[in-house]
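Engineer: This structure is in C-alpha cells; I'll ask about it shortly.
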Amino acid sequence: MMNNLYLQSKQRKQNLMIFYMDQSNNITQRIIRVVDIKENAIVAFCYYRKQVRTFKINNILSVAPTGKKIGA
C-alpha cells in the first residue's frame, strides 16, 4: 500500500511526510519529494537536508501526504 502512495505522490507532484529511522536507530520526521522509486528504496529530495537522499523502504516507519503540491 505504501508503494502506491509513493507512486501517486510522484505522479501528482505532491510532497510526503515520513518518519524515518536511520542506521543509528534515530527517528526523524522528513518532508520529501519523490524523484524515483527503486525496489528497496525511495530516492527523494529531502527538505530537511536540502538535498536528494535515498531512503530505505524498510526504514520508513510511516508515510502520509502533506496535501501540498510542489511549488505551492
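Naming scheme: A, B, ... for chains in displayed order of the C-alpha cells; residues 1 onward per chain; ligands 1 onward as shown.
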Residues at most 9 Å from region 9-26 of chain A, counting only C-alpha atoms, excluding those fewer than 6 positions away in the same chain, as an mmCIF file with C-alpha atoms, in the first residue's frame?

Structural biologist:
```cif
data_model
loop_
_atom_site.group_PDB
_atom_site.id
_atom_site.type_symbol
_atom_site.label_atom_id
_atom_site.label_comp_id
_atom_site.auth_asym_id
_atom_site.auth_seq_id
_atom_site.Cartn_x
_atom_site.Cartn_y
_atom_site.Cartn_z
ATOM 1 C CA ILE A 32 10.190 14.639 0.884
ATOM 2 C CA ARG A 33 9.501 14.953 -2.844
ATOM 3 C CA VAL A 34 9.741 11.563 -4.576
ATOM 4 C CA VAL A 35 12.185 11.552 -7.504
ATOM 5 C CA ASP A 36 12.485 7.814 -8.180
ATOM 6 C CA ILE A 37 11.202 4.535 -6.786
ATOM 7 C CA PHE A 55 15.574 6.266 1.910
ATOM 8 C CA LYS A 56 15.391 2.510 2.524
ATOM 9 C CA ASN A 59 13.307 2.121 7.477
ATOM 10 C CA ILE A 60 10.289 4.284 6.665
ATOM 11 C CA LEU A 61 8.046 3.881 9.708
ATOM 12 C CA SER A 62 5.086 5.879 8.399
ATOM 13 C CA VAL A 63 4.169 7.956 5.378
ATOM 14 C CA ALA A 64 1.380 10.436 4.677
ATOM 15 C CA PRO A 65 0.654 13.046 2.017
ATOM 16 C CA THR A 66 1.183 16.636 3.155
ATOM 17 C CA GLY A 67 -1.588 17.901 0.917
ATOM 18 C CA LYS A 68 0.792 20.392 -0.683
ATOM 19 C CA LYS A 69 1.899 20.224 -4.287
ATOM 20 C CA ILE A 70 5.435 21.010 -5.347
#
```

Engineer: Give me the residues near Thr54 (chain A) as a ChimeraX atom specification, where near means some atom within 8 Å (using only C-alpha atoms) and where sequence neighbours in that chain fewer than 2 positions away do not count.

Structural biologist: /A:41-44,52,56

Engineer: Go ahead and write the selection's residues with C-alpha atoms as a compact mmCIF listing (two decimals), in the first residue's frame.

Structural biologist:
```
# COMPACT_ATOMS: atom_id res chain seq x y z
CA ALA A 41 14.41 2.40 -1.66
CA ILE A 42 12.89 5.76 -2.45
CA VAL A 43 15.05 8.47 -4.00
CA ALA A 44 13.67 11.82 -2.93
CA VAL A 52 18.41 14.37 -2.80
CA LYS A 56 15.39 2.51 2.52
```

Engineer: What's around Arg49 (chain A) at 10 Å? Count only C-alpha atoms, leave out sequence neighbours fewer than 2 positions away in its own chain, and write the answer as a VMD selection string.

Structural biologist: chain A and resid 30 to 32 45 to 47 51 to 53

Engineer: Keeping only N, CA and C atoms, take the residues you just selected and write them out as a tab-separated table (two decimals), in the first residue's frame.

Structural biologist:
```tsv
chain	number	residue	atom	x	y	z
A	30	ARG	N	10.54	13.82	8.19
A	30	ARG	CA	11.03	14.45	6.97
A	30	ARG	C	9.88	14.78	6.03
A	31	ILE	N	10.02	15.87	5.31
A	31	ILE	CA	9.14	16.18	4.19
A	31	ILE	C	9.96	15.89	2.94
A	32	ILE	N	9.43	15.05	2.06
A	32	ILE	CA	10.19	14.64	0.88
A	32	ILE	C	9.38	14.84	-0.39
A	45	PHE	N	13.95	14.20	-2.86
A	45	PHE	CA	14.52	15.43	-2.32
A	45	PHE	C	14.01	15.57	-0.90
A	46	CYS	N	14.95	15.72	0.04
A	46	CYS	CA	14.61	15.87	1.46
A	46	CYS	C	14.69	17.36	1.81
A	47	TYR	N	13.59	17.93	2.22
A	47	TYR	CA	13.57	19.34	2.58
A	47	TYR	C	14.34	19.60	3.88
A	51	GLN	N	18.70	18.27	0.09
A	51	GLN	CA	19.39	17.55	-0.98
A	51	GLN	C	18.67	16.24	-1.28
A	52	VAL	N	19.00	15.66	-2.43
A	52	VAL	CA	18.41	14.37	-2.80
A	52	VAL	C	19.05	13.29	-1.94
A	53	ARG	N	18.20	12.45	-1.37
A	53	ARG	CA	18.65	11.38	-0.48
A	53	ARG	C	17.98	10.07	-0.90
```

Engineer: Could you pull out all residues of region 35-71 of chain A with a DSSP call of strand (DSSP E or B) and give them as a PDB file with N, CA and C atoms, in the first residue's frame?

Structural biologist:
```
ATOM      1  N   VAL A  35      11.523  11.392  -6.212  1.00  0.00           N
ATOM      2  CA  VAL A  35      12.185  11.552  -7.504  1.00  0.00           C
ATOM      3  C   VAL A  35      12.166  10.236  -8.269  1.00  0.00           C
ATOM      4  N   ASP A  36      12.431   9.133  -7.543  1.00  0.00           N
ATOM      5  CA  ASP A  36      12.485   7.814  -8.180  1.00  0.00           C
ATOM      6  C   ASP A  36      12.108   6.759  -7.154  1.00  0.00           C
ATOM      7  N   ILE A  37      11.594   5.651  -7.642  1.00  0.00           N
ATOM      8  CA  ILE A  37      11.202   4.535  -6.786  1.00  0.00           C
ATOM      9  C   ILE A  37      11.998   3.321  -7.217  1.00  0.00           C
ATOM     10  N   ALA A  41      14.118   1.050  -2.130  1.00  0.00           N
ATOM     11  CA  ALA A  41      14.409   2.403  -1.659  1.00  0.00           C
ATOM     12  C   ALA A  41      13.618   3.447  -2.442  1.00  0.00           C
ATOM     13  N   ILE A  42      13.507   4.600  -1.824  1.00  0.00           N
ATOM     14  CA  ILE A  42      12.894   5.764  -2.447  1.00  0.00           C
ATOM     15  C   ILE A  42      13.989   6.817  -2.588  1.00  0.00           C
ATOM     16  N   VAL A  43      14.139   7.348  -3.778  1.00  0.00           N
ATOM     17  CA  VAL A  43      15.055   8.468  -3.997  1.00  0.00           C
ATOM     18  C   VAL A  43      14.184   9.717  -3.976  1.00  0.00           C
ATOM     19  N   ALA A  44      14.530  10.650  -3.096  1.00  0.00           N
ATOM     20  CA  ALA A  44      13.672  11.822  -2.925  1.00  0.00           C
ATOM     21  C   ALA A  44      14.474  13.034  -2.496  1.00  0.00           C
ATOM     22  N   PHE A  45      13.946  14.204  -2.861  1.00  0.00           N
ATOM     23  CA  PHE A  45      14.519  15.435  -2.325  1.00  0.00           C
ATOM     24  C   PHE A  45      14.014  15.570  -0.901  1.00  0.00           C
ATOM     25  N   CYS A  46      14.948  15.725   0.042  1.00  0.00           N
ATOM     26  CA  CYS A  46      14.613  15.874   1.458  1.00  0.00           C
ATOM     27  C   CYS A  46      14.694  17.355   1.812  1.00  0.00           C
ATOM     28  N   GLN A  51      18.695  18.265   0.086  1.00  0.00           N
ATOM     29  CA  GLN A  51      19.389  17.550  -0.982  1.00  0.00           C
ATOM     30  C   GLN A  51      18.669  16.241  -1.283  1.00  0.00           C
ATOM     31  N   VAL A  52      18.997  15.663  -2.426  1.00  0.00           N
ATOM     32  CA  VAL A  52      18.412  14.373  -2.805  1.00  0.00           C
ATOM     33  C   VAL A  52      19.046  13.294  -1.943  1.00  0.00           C
ATOM     34  N   ARG A  53      18.198  12.454  -1.372  1.00  0.00           N
ATOM     35  CA  ARG A  53      18.652  11.379  -0.484  1.00  0.00           C
ATOM     36  C   ARG A  53      17.978  10.073  -0.902  1.00  0.00           C
ATOM     37  N   THR A  54      18.564   8.972  -0.462  1.00  0.00           N
ATOM     38  CA  THR A  54      17.976   7.654  -0.683  1.00  0.00           C
ATOM     39  C   THR A  54      17.471   7.132   0.654  1.00  0.00           C
ATOM     40  N   PHE A  55      16.207   6.767   0.692  1.00  0.00           N
ATOM     41  CA  PHE A  55      15.574   6.266   1.910  1.00  0.00           C
ATOM     42  C   PHE A  55      15.220   4.796   1.716  1.00  0.00           C
ATOM     43  N   LYS A  56      15.742   3.931   2.581  1.00  0.00           N
ATOM     44  CA  LYS A  56      15.391   2.510   2.524  1.00  0.00           C
ATOM     45  C   LYS A  56      13.927   2.348   2.927  1.00  0.00           C
ATOM     46  N   ILE A  60      11.358   3.285   6.614  1.00  0.00           N
ATOM     47  CA  ILE A  60      10.289   4.284   6.665  1.00  0.00           C
ATOM     48  C   ILE A  60       9.187   3.727   7.558  1.00  0.00           C
ATOM     49  N   LEU A  61       8.988   4.380   8.708  1.00  0.00           N
ATOM     50  CA  LEU A  61       8.046   3.881   9.708  1.00  0.00           C
ATOM     51  C   LEU A  61       6.608   4.267   9.391  1.00  0.00           C
ATOM     52  N   SER A  62       6.422   5.454   8.819  1.00  0.00           N
ATOM     53  CA  SER A  62       5.086   5.879   8.399  1.00  0.00           C
ATOM     54  C   SER A  62       5.223   6.905   7.290  1.00  0.00           C
ATOM     55  N   VAL A  63       4.174   7.018   6.505  1.00  0.00           N
ATOM     56  CA  VAL A  63       4.169   7.956   5.378  1.00  0.00           C
ATOM     57  C   VAL A  63       2.756   8.504   5.204  1.00  0.00           C
ATOM     58  N   ALA A  64       2.683   9.808   4.905  1.00  0.00           N
ATOM     59  CA  ALA A  64       1.380  10.436   4.677  1.00  0.00           C
ATOM     60  C   ALA A  64       1.559  11.610   3.727  1.00  0.00           C
ATOM     61  N   PRO A  65       0.571  11.868   2.888  1.00  0.00           N
ATOM     62  CA  PRO A  65       0.654  13.046   2.017  1.00  0.00           C
ATOM     63  C   PRO A  65       0.546  14.319   2.858  1.00  0.00           C
ATOM     64  N   THR A  66       1.257  15.357   2.442  1.00  0.00           N
ATOM     65  CA  THR A  66       1.183  16.636   3.155  1.00  0.00           C
ATOM     66  C   THR A  66       0.017  17.472   2.671  1.00  0.00           C
ATOM     67  N   GLY A  67      -0.503  17.126   1.498  1.00  0.00           N
ATOM     68  CA  GLY A  67      -1.588  17.901   0.917  1.00  0.00           C
ATOM     69  C   GLY A  67      -1.105  19.089   0.115  1.00  0.00           C
ATOM     70  N   LYS A  68       0.221  19.271   0.068  1.00  0.00           N
ATOM     71  CA  LYS A  68       0.792  20.392  -0.683  1.00  0.00           C
ATOM     72  C   LYS A  68       1.473  19.885  -1.932  1.00  0.00           C
ATOM     73  N   LYS A  69       1.231  20.564  -3.034  1.00  0.00           N
ATOM     74  CA  LYS A  69       1.899  20.224  -4.287  1.00  0.00           C
ATOM     75  C   LYS A  69       3.232  20.942  -4.360  1.00  0.00           C
TER      76      LYS A  69
END
```

Engineer: DSSP on the backbone, alpha helix (DSSP H) only: what residues of chain A does that give? Format it as a PyMOL selection string.

Structural biologist: chain A and resi 2-12
